[in-house]
>>> print(open('coords01.txt').read())   # compact mmCIF, C-alpha atoms and all ligand atoms
# COMPACT_ATOMS: atom_id res chain seq x y z
CA MET A 1 0.00 0.00 0.00
CA GLN A 2 1.30 3.39 -0.98
CA ALA A 3 0.68 6.69 0.77
CA ARG A 4 -1.81 9.00 -0.92
CA THR A 5 -2.08 12.78 -0.89
CA VAL A 6 -5.44 14.36 -1.64
CA SER A 7 -6.39 18.05 -1.83
CA ALA A 8 -9.43 18.76 0.34
CA PRO A 9 -11.20 21.89 -0.94
CA ALA A 10 -13.42 24.33 0.95
CA LYS A 11 -17.07 24.87 0.01
CA ILE A 12 -19.34 27.87 -0.01
CA ASN A 13 -23.12 27.84 0.41
CA VAL A 14 -24.28 30.05 -2.44
CA ILE A 15 -27.87 29.54 -1.27
CA LEU A 16 -28.74 28.30 2.23
CA GLU A 17 -32.45 28.03 3.00
CA VAL A 18 -33.65 26.39 6.22
CA LEU A 19 -36.98 24.69 5.49
CA GLY A 20 -37.83 23.72 9.07
CA ARG A 21 -36.85 21.98 12.26
CA ARG A 22 -37.08 18.20 12.34
CA ALA A 23 -38.14 15.82 15.09
CA ASP A 24 -34.52 14.63 15.41
CA GLY A 25 -33.32 18.16 16.23
CA TYR A 26 -31.67 18.72 12.84
CA HIS A 27 -32.98 21.16 10.25
CA ASP A 28 -34.13 20.37 6.74
CA LEU A 29 -32.04 22.41 4.33
CA TRP A 30 -32.16 23.46 0.69
CA SER A 31 -28.68 24.57 -0.18
CA VAL A 32 -26.56 25.10 -3.29
CA LEU A 33 -22.90 24.36 -2.61
CA VAL A 34 -19.86 25.01 -4.77
CA LEU A 35 -16.24 23.96 -4.14
CA VAL A 36 -13.49 26.57 -4.17
CA ASP A 37 -9.74 26.11 -4.57
CA LEU A 38 -8.75 27.01 -0.99
CA CYS A 39 -7.57 23.52 0.04
CA ASP A 40 -6.18 21.55 2.95
CA THR A 41 -3.69 18.83 1.98
CA VAL A 42 -4.44 15.39 3.39
CA THR A 43 -1.77 12.68 3.33
CA VAL A 44 -2.61 9.15 4.39
CA ALA A 45 0.11 6.50 4.84
CA PRO A 46 -0.49 2.85 5.70
CA ARG A 47 0.12 1.64 9.24
CA LYS A 48 -0.32 -1.81 10.75
CA ARG A 49 -2.76 -0.82 13.46
CA GLY A 50 -4.32 2.28 14.91
CA ILE A 51 -4.86 5.80 13.68
CA LEU A 52 -2.14 8.42 14.09
CA LEU A 53 -3.13 11.97 13.23
CA THR A 54 -0.88 15.01 12.83
CA VAL A 55 -2.35 18.47 12.26
CA ARG A 56 -0.16 21.29 10.92
CA PRO A 57 -0.48 23.93 12.22
CA PRO A 58 -2.29 22.42 15.23
CA VAL A 59 -5.53 24.41 14.82
CA VAL A 60 -7.82 21.43 15.52
CA PRO A 61 -7.51 18.41 17.85
CA ALA A 62 -5.46 15.48 16.56
CA GLY A 63 -7.42 12.76 18.39
CA PRO A 64 -10.83 11.10 18.05
CA GLY A 65 -12.41 14.57 18.36
CA ASN A 66 -11.27 15.17 14.79
CA LEU A 67 -13.65 14.06 12.01
CA ALA A 68 -10.68 12.89 9.90
CA PHE A 69 -9.67 10.52 12.71
CA ARG A 70 -13.23 9.18 13.00
CA ALA A 71 -13.43 8.81 9.21
CA ALA A 72 -10.41 6.46 9.24
CA GLU A 73 -11.83 4.44 12.14
CA ALA A 74 -15.18 4.15 10.38
CA PHE A 75 -13.50 3.09 7.12
CA PHE A 76 -11.69 0.13 8.71
CA GLU A 77 -14.79 -0.85 10.68
CA THR A 78 -16.91 -0.90 7.50
CA TRP A 79 -14.23 -2.65 5.44
CA GLY A 80 -14.05 -5.30 8.16
CA ARG A 81 -10.30 -5.83 7.99
CA PRO A 82 -7.67 -4.77 10.48
CA GLY A 83 -5.58 -1.84 9.41
CA GLY A 84 -4.34 1.55 10.41
CA ALA A 85 -3.34 4.88 8.98
CA ALA A 86 -0.95 7.73 9.65
CA ILE A 87 -2.80 10.87 8.58
CA THR A 88 -1.32 14.33 8.17
CA LEU A 89 -3.57 17.35 7.71
CA ARG A 90 -1.95 20.48 6.36
CA LYS A 91 -4.60 23.03 7.31
CA ARG A 92 -5.25 26.10 5.19
CA ILE A 93 -9.03 26.29 5.38
CA PRO A 94 -9.91 28.36 8.46
CA VAL A 95 -11.67 26.51 11.26
CA GLY A 96 -15.22 27.53 12.21
CA GLY A 97 -15.76 29.55 9.07
CA GLY A 98 -18.62 27.57 7.53
CA LEU A 99 -16.23 26.49 4.79
CA GLY A 100 -16.54 22.77 5.52
CA GLY A 101 -12.83 22.14 6.13
CA GLY A 102 -13.35 19.39 8.71
CA SER A 103 -15.90 17.61 6.51
CA SER A 104 -13.66 17.94 3.45
CA ASP A 105 -10.68 16.48 5.35
CA ALA A 106 -12.85 13.54 6.49
CA ALA A 107 -14.03 12.88 2.92
CA ALA A 108 -10.42 13.08 1.67
CA VAL A 109 -9.36 10.49 4.27
CA LEU A 110 -12.15 8.12 3.11
CA ALA A 111 -11.14 8.70 -0.53
CA ALA A 112 -7.45 8.08 0.15
CA LEU A 113 -8.09 4.92 2.18
CA ASN A 114 -10.48 3.54 -0.44
CA ALA A 115 -7.88 4.14 -3.18
CA MET A 116 -5.02 2.65 -1.09
CA THR A 117 -6.95 -0.54 -0.33
CA GLY A 118 -8.04 -1.32 -3.91
CA ARG A 119 -11.45 0.38 -3.65
CA PRO A 120 -13.29 -2.15 -1.49
CA LEU A 121 -16.17 0.29 -0.86
CA THR A 122 -18.64 1.35 -3.56
CA ARG A 123 -19.68 4.98 -3.96
CA GLU A 124 -22.94 4.18 -2.11
CA ARG A 125 -21.13 2.73 0.91
CA LEU A 126 -18.68 5.64 0.97
CA LEU A 127 -21.63 8.06 0.92
CA ASP A 128 -23.35 6.16 3.77
CA LEU A 129 -20.16 6.32 5.81
CA ALA A 130 -19.79 10.00 5.00
CA ALA A 131 -23.37 10.81 6.07
CA GLY A 132 -22.76 9.06 9.40
CA LEU A 133 -19.77 11.30 10.07
CA GLY A 134 -21.50 14.66 9.49
CA SER A 135 -24.27 16.32 7.48
CA ASP A 136 -21.84 18.07 5.13
CA VAL A 137 -19.49 15.16 4.40
CA PRO A 138 -21.36 13.45 1.49
CA PHE A 139 -21.28 16.68 -0.54
CA PHE A 140 -17.48 16.37 -0.71
CA PHE A 141 -17.92 13.33 -3.00
CA SER A 142 -19.95 15.39 -5.51
CA GLY A 143 -18.64 16.70 -8.80
CA GLY A 144 -17.90 20.18 -7.45
CA ALA A 145 -21.36 21.79 -7.29
CA ALA A 146 -24.55 20.33 -5.88
CA LEU A 147 -27.97 20.93 -4.42
CA ILE A 148 -28.16 19.42 -0.95
CA THR A 149 -31.40 18.62 0.89
CA GLY A 150 -32.47 16.69 3.97
CA ARG A 151 -30.08 17.51 6.80
CA GLY A 152 -27.46 17.92 4.06
CA GLU A 153 -26.83 14.28 3.26
CA GLN A 154 -28.99 14.16 0.10
CA VAL A 155 -26.76 15.36 -2.70
CA ALA A 156 -27.85 16.06 -6.29
CA ASP A 157 -24.99 17.08 -8.55
CA LEU A 158 -25.26 20.34 -10.49
CA PRO A 159 -23.03 21.17 -13.47
CA PRO A 160 -19.99 22.99 -12.03
CA PRO A 161 -20.07 26.64 -13.14
CA PRO A 162 -17.28 28.10 -15.29
CA PRO A 163 -14.47 29.13 -12.90
CA ARG A 164 -15.30 32.38 -11.10
CA TRP A 165 -13.00 34.48 -8.93
CA LEU A 166 -14.09 35.40 -5.44
CA VAL A 167 -12.74 36.56 -2.13
CA LEU A 168 -13.31 34.77 1.19
CA ALA A 169 -13.20 37.02 4.24
CA LEU A 170 -13.25 36.16 7.91
CA ALA A 171 -13.48 38.23 11.07
CA GLY A 172 -13.66 37.53 14.79
CA GLU A 173 -14.65 34.32 16.52
CA PRO A 174 -16.18 31.29 14.79
CA VAL A 175 -19.99 30.93 14.80
CA SER A 176 -21.49 27.72 16.23
CA THR A 177 -23.73 26.06 13.64
CA ALA A 178 -25.98 24.51 16.29
CA TRP A 179 -26.37 27.93 17.95
CA ALA A 180 -27.23 29.71 14.68
CA TYR A 181 -29.87 27.17 13.63
CA GLY A 182 -31.25 27.24 17.18
CA GLN A 183 -31.76 31.03 16.94
CA LEU A 184 -34.12 30.74 13.96
CA PRO A 185 -37.77 31.34 14.88
CA PRO A 186 -39.57 27.93 15.09
CA GLY A 187 -42.53 28.72 12.77
CA GLY A 188 -43.94 26.41 10.09
CA ARG A 189 -42.25 24.80 7.13
CA ARG A 190 -40.88 26.88 4.27
CA LEU A 191 -40.55 25.94 0.65
CA PRO A 192 -37.52 26.89 -1.43
CA ASP A 193 -38.06 29.89 -3.71
CA PRO A 194 -39.52 28.68 -7.05
CA THR A 195 -36.91 30.64 -9.04
CA TRP A 196 -34.18 28.61 -7.28
CA THR A 197 -35.87 25.25 -7.85
CA ALA A 198 -36.44 26.11 -11.53
CA ALA A 199 -32.77 27.08 -12.00
CA ALA A 200 -31.61 23.94 -10.16
CA ALA A 201 -33.93 21.70 -12.22
CA ALA A 202 -32.51 23.27 -15.40
CA GLY A 203 -28.93 22.76 -14.14
CA GLN A 204 -28.26 26.51 -14.29
CA THR A 205 -25.56 26.72 -11.63
CA GLU A 206 -24.26 30.07 -12.82
CA ARG A 207 -27.75 31.58 -12.49
CA LEU A 208 -27.95 30.16 -8.96
CA LEU A 209 -24.68 31.95 -8.12
CA GLY A 210 -26.46 35.22 -8.94
CA MET A 211 -29.31 34.38 -6.54
CA ALA A 212 -27.15 34.10 -3.40
CA PHE A 213 -29.22 33.94 -0.21
CA ASN A 214 -28.63 32.74 3.35
CA ARG A 215 -31.53 32.35 5.81
CA THR A 216 -29.18 32.43 8.83
CA GLU A 217 -27.67 35.84 8.02
CA GLU A 218 -30.36 37.72 9.92
CA VAL A 219 -29.81 35.93 13.25
CA VAL A 220 -26.03 35.73 12.85
CA PHE A 221 -25.66 39.43 11.93
CA LYS A 222 -27.87 40.44 14.88
CA ALA A 223 -25.44 38.78 17.27
CA ARG A 224 -22.35 39.64 15.22
CA PRO A 225 -22.37 43.25 13.97
CA ASP A 226 -18.73 42.76 12.93
CA LEU A 227 -19.88 40.26 10.29
CA ALA A 228 -22.69 42.55 9.11
CA ALA A 229 -20.06 45.29 8.73
CA LEU A 230 -17.78 42.91 6.82
CA LYS A 231 -20.60 42.17 4.38
CA ALA A 232 -21.21 45.89 3.88
CA HIS A 233 -17.49 46.35 3.33
CA LEU A 234 -17.39 43.65 0.63
CA VAL A 235 -20.40 45.23 -1.07
CA ALA A 236 -18.68 48.65 -0.95
CA LEU A 237 -15.57 47.14 -2.57
CA GLY A 238 -17.79 46.06 -5.47
CA ALA A 239 -18.21 42.34 -4.75
CA ALA A 240 -21.49 40.79 -5.96
CA PRO A 241 -23.06 38.64 -4.83
CA VAL A 242 -21.85 38.68 -1.21
CA GLY A 243 -23.03 36.23 1.42
CA LEU A 244 -22.34 34.23 4.53
CA THR A 245 -21.20 30.65 3.93
CA GLY A 246 -22.91 28.10 6.17
CA THR A 247 -23.65 29.94 9.40
CA GLY A 248 -20.36 31.87 9.12
CA ALA A 249 -18.11 33.31 10.22
CA ALA A 250 -16.68 33.46 6.67
CA LEU A 251 -18.26 35.52 3.88
CA PHE A 252 -17.77 35.17 0.15
CA GLY A 253 -17.79 38.01 -2.37
CA PHE A 254 -17.68 37.31 -6.11
CA ALA A 255 -15.31 39.36 -8.24
CA PRO A 256 -15.46 40.25 -11.94
CA GLU A 257 -11.91 38.98 -12.46
CA ARG A 258 -8.74 37.82 -10.74
CA GLY A 259 -7.21 41.27 -10.25
CA ALA A 260 -10.21 42.50 -8.25
CA ALA A 261 -10.28 39.39 -6.03
CA ARG A 262 -6.55 39.79 -5.33
CA ALA A 263 -6.83 43.52 -4.62
CA TRP A 264 -9.76 42.98 -2.24
CA SER A 265 -7.95 40.24 -0.33
CA VAL A 266 -4.93 42.52 0.09
CA ALA A 267 -7.15 45.40 1.28
CA LEU A 268 -9.01 43.18 3.77
CA LYS A 269 -5.77 41.74 5.17
CA ALA A 270 -4.36 45.23 5.60
CA GLU A 271 -7.38 45.95 7.84
CA LYS A 272 -6.34 43.04 10.10
CA GLY A 273 -8.95 40.64 8.71
CA GLN A 274 -8.25 37.29 7.12
CA ALA A 275 -8.91 37.00 3.40
CA TRP A 276 -8.19 34.71 0.47
CA ALA A 277 -8.61 35.24 -3.26
CA CYS A 278 -9.78 31.97 -4.79
CA ARG A 279 -11.70 30.40 -7.64
CA THR A 280 -14.62 28.02 -7.94
CA LEU A 281 -13.52 24.50 -8.90
CA ARG A 282 -14.69 22.63 -11.98
CA GLU A 283 -13.61 19.27 -10.61
CA ASN A 284 -13.53 17.73 -7.19
CA PRO A 285 -10.09 16.29 -6.32
CA ILE A 286 -11.64 14.09 -3.59
CA ARG A 287 -14.02 12.38 -6.00
CA ALA A 288 -11.20 11.92 -8.50
CA ALA A 289 -9.08 10.24 -5.80
CA ALA A 290 -11.86 7.97 -4.50
CA LEU A 291 -13.34 6.84 -7.78
CA PRO A 292 -11.06 7.53 -10.74
CA GLY A 293 -12.38 6.93 -14.24
O1 LIG B 1 -24.12 17.02 11.24
P1 LIG B 1 -23.16 17.97 11.88
O2 LIG B 1 -22.40 17.36 13.01
O3 LIG B 1 -22.29 18.63 10.87
O4 LIG B 1 -24.03 19.17 12.51
C1 LIG B 1 -23.60 20.00 13.55
C2 LIG B 1 -24.80 20.61 14.27
O5 LIG B 1 -25.47 21.55 13.43
C3 LIG B 1 -25.89 19.60 14.64
O6 LIG B 1 -25.63 19.02 15.89
C4 LIG B 1 -27.14 20.43 14.64
O7 LIG B 1 -27.27 21.13 15.85
C5 LIG B 1 -26.87 21.46 13.56
N1 LIG B 1 -27.45 21.06 12.26
C6 LIG B 1 -28.83 21.17 12.07
N2 LIG B 1 -29.35 20.82 10.87
C7 LIG B 1 -28.56 20.38 9.86
C8 LIG B 1 -27.16 20.28 10.04
C9 LIG B 1 -26.64 20.64 11.27
O8 LIG B 1 -29.55 21.57 12.97
N3 LIG B 1 -29.11 20.07 8.70
>>> encode(input="coords01.txt", output="structure tokens")
Amino acid sequence: MQARTVSAPAKINVILEVLGRRADGYHDLWSVLVLVDLCDTVTVAPRKRGILLTVRPPVVPAGPGNLAFRAAEAFFETWGRPGGAAITLRKRIPVGGGLGGGSSDAAAVLAALNAMTGRPLTRERLLDLAAGLGSDVPFFFSGGAALITGRGEQVADLPPPPPRWLVLALAGEPVSTAWAYGQLPPGGRRLPDPTWTAAAAAGQTERLLGMAFNRTEEVVFKARPDLAALKAHLVALGAAPVGLTGTGAALFGFAPERGAARAWSVALKAEKGQAWACRTLRENPIRAAALPG
């Protein structure tokens, strides 16, 4: 068995609608997700027994509290053979930003292990495993853009849009997802906007990018005026559309071209924020690693 290295990209929620609270405490979502080229690097090497995790820099725990660790455990349990892995995560995706870094790392670990062991698990079993790890994990086996429903585990691929430049910006403390969903007024069930469902049914991902919306912005911005100000700042720079990804604390702002995205990231960093110029991805490196051809 050879070691494998897989890029684990971040995601943004171009649209995030919360349809309602479920009996199991989760929320039914209707969300359009797109991968971007801000990536962690995940290396998995074979080991006789046990999981060994190294995180560089050490921004998240390296034990069973880490989803990547649990992904490796779950893989060997499902495969039904003894084995182990030495995993190294090179973290670039900020933690607690709503960018899905932890979920992406976990999916990359599953992909690497499946490739290293001669692909014993089908796509369906990998997706089942992924859904058991976290609501966002199955999306990271999609083709790069998808509509997710249910608690996030139901993934319908959308055609990836032509590459678009954007800036990701982050300020202050992370936002807890459970807290943000919990702040939404209970109320009845919502339906997704018909213009979104029509664009999704027609596979018009680029049109969906222009319809950016996030149901959690109102409650998050109420508690976090710094994030509301960051959105206003991105709008003033000329970014469009601008929105929160997941429940934050990162925001995305689309740029007309590379130069603008770069200039905005430089300006935001100069103001002591964190920012990255990046591009939407046309292909998902995790899917390519797990199921080539
Ligand atoms: O599934 P995951 O562990 O990623 O979710 C983290 C938390 O976010 C859940 O415990 C739940 O409180 C909230 N959540 C939710 N509805 C979803 C996804 C997450 O309420 N669809």
>>> residues_near_ligand(input="coords01.txt", ligand="ligand LIG 1 (chain B)", cutoff="7 Å", atoms="only C-alpha atoms and all ligand atoms", output="list in words")
Gly25, Tyr26, His27, Asp28, Leu29, Gly134, Ser135, Asp136, Gly150, Arg151, Gly152, Thr177, Ala178 and Tyr181 of chain A
>>> closest_residue(input="coords01.txt", among="A:Asp40, A:Leu158, A:Leu168, A:Gln274", to="Ala107 in chain A", atoms="only C-alpha atoms")
A:Asp40
>>> closest_residue(input="coords01.txt", among="A:Gly187, A:Gly246, A:Gly210, A:Gly50", to="Gly100 in chain A", atoms="all atoms listed in the file")
A:Gly246
>>> residues_around(input="coords01.txt", residues="Pro192 in chain A", least_positions_apart="2", cutoff="7 Å", atoms="all atoms listed in the file", output="list in words")
Glu17, Trp30, Arg190, Pro194, Trp196 and Thr197 of chain A
>>> closest_residue(input="coords01.txt", among="A:Met116, A:Ala180, A:Leu170, A:Leu110", to="Ala130 in chain A", atoms="all atoms listed in the file")
A:Leu110
>>> closest_residue(input="coords01.txt", among="A:Ile286, A:Leu230, A:Val55, A:Ala249", to="Ala115 in chain A", atoms="all atoms listed in the file")
A:Ile286
>>> closest_residue(input="coords01.txt", among="A:Gly203, A:Phe254, A:Trp79, A:Ala10", to="Arg119 in chain A", atoms="all atoms listed in the file")
A:Trp79
>>> residues_around(input="coords01.txt", residues="range 62-75 of chain A", least_positions_apart="6", cutoff="6 Å", atoms="only C-alpha atoms", output="MDAnalysis selection string")
chainID A and resid 53:54 105:106
>>> residues_around(input="coords01.txt", residues="Arg125 in chain A", least_positions_apart="2", cutoff="12 Å", atoms="only C-alpha atoms", output="PyMOL selection string")
chain A and resi 74-75+78-79+110-111+114+119-123+127-132+138+141+290
>>> residues_around(input="coords01.txt", residues="range 257-259 of chain A", least_positions_apart="6", cutoff="9 Å", atoms="all atoms listed in the file", output="PDB file with C-alpha atoms, keeping the file's coordinate frame")
ATOM      1  CA  ARG A 164     -15.300  32.380 -11.100  1.00  0.00           C
ATOM      2  CA  TRP A 165     -13.000  34.480  -8.930  1.00  0.00           C
ATOM      3  CA  LEU A 166     -14.090  35.400  -5.440  1.00  0.00           C
ATOM      4  CA  ALA A 277      -8.610  35.240  -3.260  1.00  0.00           C
ATOM      5  CA  CYS A 278      -9.780  31.970  -4.790  1.00  0.00           C
ATOM      6  CA  ARG A 279     -11.700  30.400  -7.640  1.00  0.00           C
TER       7      ARG A 279
END
>>> atom_distance(input="coords01.txt", atom1="CA of Ile12 in chain A", atom2="CA of Ser265 in chain A")
16.8 Å
>>> decode(input="coords01.txt", residues="range 168-250 of chain A", atoms="C-alpha atoms", output="PDB file, in the first residue's frame")
ATOM      1  CA  LEU A 168     -13.312  34.771   1.191  1.00  0.00           C
ATOM      2  CA  ALA A 169     -13.204  37.017   4.244  1.00  0.00           C
ATOM      3  CA  LEU A 170     -13.251  36.156   7.908  1.00  0.00           C
ATOM      4  CA  ALA A 171     -13.479  38.231  11.067  1.00  0.00           C
ATOM      5  CA  GLY A 172     -13.659  37.525  14.787  1.00  0.00           C
ATOM      6  CA  GLU A 173     -14.654  34.323  16.523  1.00  0.00           C
ATOM      7  CA  PRO A 174     -16.179  31.292  14.794  1.00  0.00           C
ATOM      8  CA  VAL A 175     -19.988  30.934  14.805  1.00  0.00           C
ATOM      9  CA  SER A 176     -21.489  27.720  16.233  1.00  0.00           C
ATOM     10  CA  THR A 177     -23.731  26.057  13.643  1.00  0.00           C
ATOM     11  CA  ALA A 178     -25.980  24.508  16.295  1.00  0.00           C
ATOM     12  CA  TRP A 179     -26.369  27.932  17.948  1.00  0.00           C
ATOM     13  CA  ALA A 180     -27.227  29.714  14.681  1.00  0.00           C
ATOM     14  CA  TYR A 181     -29.865  27.165  13.631  1.00  0.00           C
ATOM     15  CA  GLY A 182     -31.248  27.244  17.178  1.00  0.00           C
ATOM     16  CA  GLN A 183     -31.765  31.027  16.941  1.00  0.00           C
ATOM     17  CA  LEU A 184     -34.122  30.738  13.957  1.00  0.00           C
ATOM     18  CA  PRO A 185     -37.771  31.340  14.882  1.00  0.00           C
ATOM     19  CA  PRO A 186     -39.567  27.932  15.087  1.00  0.00           C
ATOM     20  CA  GLY A 187     -42.530  28.717  12.767  1.00  0.00           C
ATOM     21  CA  GLY A 188     -43.940  26.408  10.090  1.00  0.00           C
ATOM     22  CA  ARG A 189     -42.253  24.800   7.125  1.00  0.00           C
ATOM     23  CA  ARG A 190     -40.880  26.876   4.272  1.00  0.00           C
ATOM     24  CA  LEU A 191     -40.551  25.943   0.648  1.00  0.00           C
ATOM     25  CA  PRO A 192     -37.516  26.888  -1.433  1.00  0.00           C
ATOM     26  CA  ASP A 193     -38.062  29.886  -3.713  1.00  0.00           C
ATOM     27  CA  PRO A 194     -39.517  28.679  -7.049  1.00  0.00           C
ATOM     28  CA  THR A 195     -36.913  30.635  -9.038  1.00  0.00           C
ATOM     29  CA  TRP A 196     -34.181  28.611  -7.281  1.00  0.00           C
ATOM     30  CA  THR A 197     -35.870  25.251  -7.845  1.00  0.00           C
ATOM     31  CA  ALA A 198     -36.440  26.114 -11.534  1.00  0.00           C
ATOM     32  CA  ALA A 199     -32.766  27.082 -12.005  1.00  0.00           C
ATOM     33  CA  ALA A 200     -31.614  23.939 -10.160  1.00  0.00           C
ATOM     34  CA  ALA A 201     -33.928  21.696 -12.223  1.00  0.00           C
ATOM     35  CA  ALA A 202     -32.506  23.270 -15.397  1.00  0.00           C
ATOM     36  CA  GLY A 203     -28.926  22.758 -14.140  1.00  0.00           C
ATOM     37  CA  GLN A 204     -28.255  26.515 -14.290  1.00  0.00           C
ATOM     38  CA  THR A 205     -25.563  26.719 -11.626  1.00  0.00           C
ATOM     39  CA  GLU A 206     -24.265  30.074 -12.819  1.00  0.00           C
ATOM     40  CA  ARG A 207     -27.746  31.578 -12.485  1.00  0.00           C
ATOM     41  CA  LEU A 208     -27.954  30.162  -8.959  1.00  0.00           C
ATOM     42  CA  LEU A 209     -24.676  31.950  -8.124  1.00  0.00           C
ATOM     43  CA  GLY A 210     -26.459  35.216  -8.943  1.00  0.00           C
ATOM     44  CA  MET A 211     -29.312  34.378  -6.544  1.00  0.00           C
ATOM     45  CA  ALA A 212     -27.146  34.102  -3.403  1.00  0.00           C
ATOM     46  CA  PHE A 213     -29.220  33.939  -0.211  1.00  0.00           C
ATOM     47  CA  ASN A 214     -28.631  32.742   3.349  1.00  0.00           C
ATOM     48  CA  ARG A 215     -31.531  32.346   5.811  1.00  0.00           C
ATOM     49  CA  THR A 216     -29.183  32.426   8.833  1.00  0.00           C
ATOM     50  CA  GLU A 217     -27.669  35.837   8.022  1.00  0.00           C
ATOM     51  CA  GLU A 218     -30.364  37.719   9.921  1.00  0.00           C
ATOM     52  CA  VAL A 219     -29.809  35.933  13.251  1.00  0.00           C
ATOM     53  CA  VAL A 220     -26.031  35.729  12.850  1.00  0.00           C
ATOM     54  CA  PHE A 221     -25.661  39.431  11.930  1.00  0.00           C
ATOM     55  CA  LYS A 222     -27.873  40.441  14.883  1.00  0.00           C
ATOM     56  CA  ALA A 223     -25.435  38.783  17.275  1.00  0.00           C
ATOM     57  CA  ARG A 224     -22.347  39.645  15.220  1.00  0.00           C
ATOM     58  CA  PRO A 225     -22.370  43.249  13.967  1.00  0.00           C
ATOM     59  CA  ASP A 226     -18.728  42.760  12.928  1.00  0.00           C
ATOM     60  CA  LEU A 227     -19.882  40.258  10.289  1.00  0.00           C
ATOM     61  CA  ALA A 228     -22.694  42.550   9.109  1.00  0.00           C
ATOM     62  CA  ALA A 229     -20.058  45.287   8.734  1.00  0.00           C
ATOM     63  CA  LEU A 230     -17.777  42.914   6.822  1.00  0.00           C
ATOM     64  CA  LYS A 231     -20.602  42.165   4.382  1.00  0.00           C
ATOM     65  CA  ALA A 232     -21.210  45.889   3.882  1.00  0.00           C
ATOM     66  CA  HIS A 233     -17.488  46.346   3.325  1.00  0.00           C
ATOM     67  CA  LEU A 234     -17.393  43.655   0.626  1.00  0.00           C
ATOM     68  CA  VAL A 235     -20.405  45.231  -1.071  1.00  0.00           C
ATOM     69  CA  ALA A 236     -18.682  48.651  -0.946  1.00  0.00           C
ATOM     70  CA  LEU A 237     -15.575  47.140  -2.568  1.00  0.00           C
ATOM     71  CA  GLY A 238     -17.790  46.063  -5.471  1.00  0.00           C
ATOM     72  CA  ALA A 239     -18.212  42.340  -4.748  1.00  0.00           C
ATOM     73  CA  ALA A 240     -21.485  40.790  -5.962  1.00  0.00           C
ATOM     74  CA  PRO A 241     -23.063  38.644  -4.825  1.00  0.00           C
ATOM     75  CA  VAL A 242     -21.847  38.676  -1.214  1.00  0.00           C
ATOM     76  CA  GLY A 243     -23.028  36.232   1.424  1.00  0.00           C
ATOM     77  CA  LEU A 244     -22.343  34.234   4.531  1.00  0.00           C
ATOM     78  CA  THR A 245     -21.198  30.652   3.934  1.00  0.00           C
ATOM     79  CA  GLY A 246     -22.910  28.103   6.167  1.00  0.00           C
ATOM     80  CA  THR A 247     -23.649  29.938   9.399  1.00  0.00           C
ATOM     81  CA  GLY A 248     -20.357  31.868   9.123  1.00  0.00           C
ATOM     82  CA  ALA A 249     -18.115  33.312  10.219  1.00  0.00           C
ATOM     83  CA  ALA A 250     -16.684  33.456   6.666  1.00  0.00           C
TER      84      ALA A 250
END
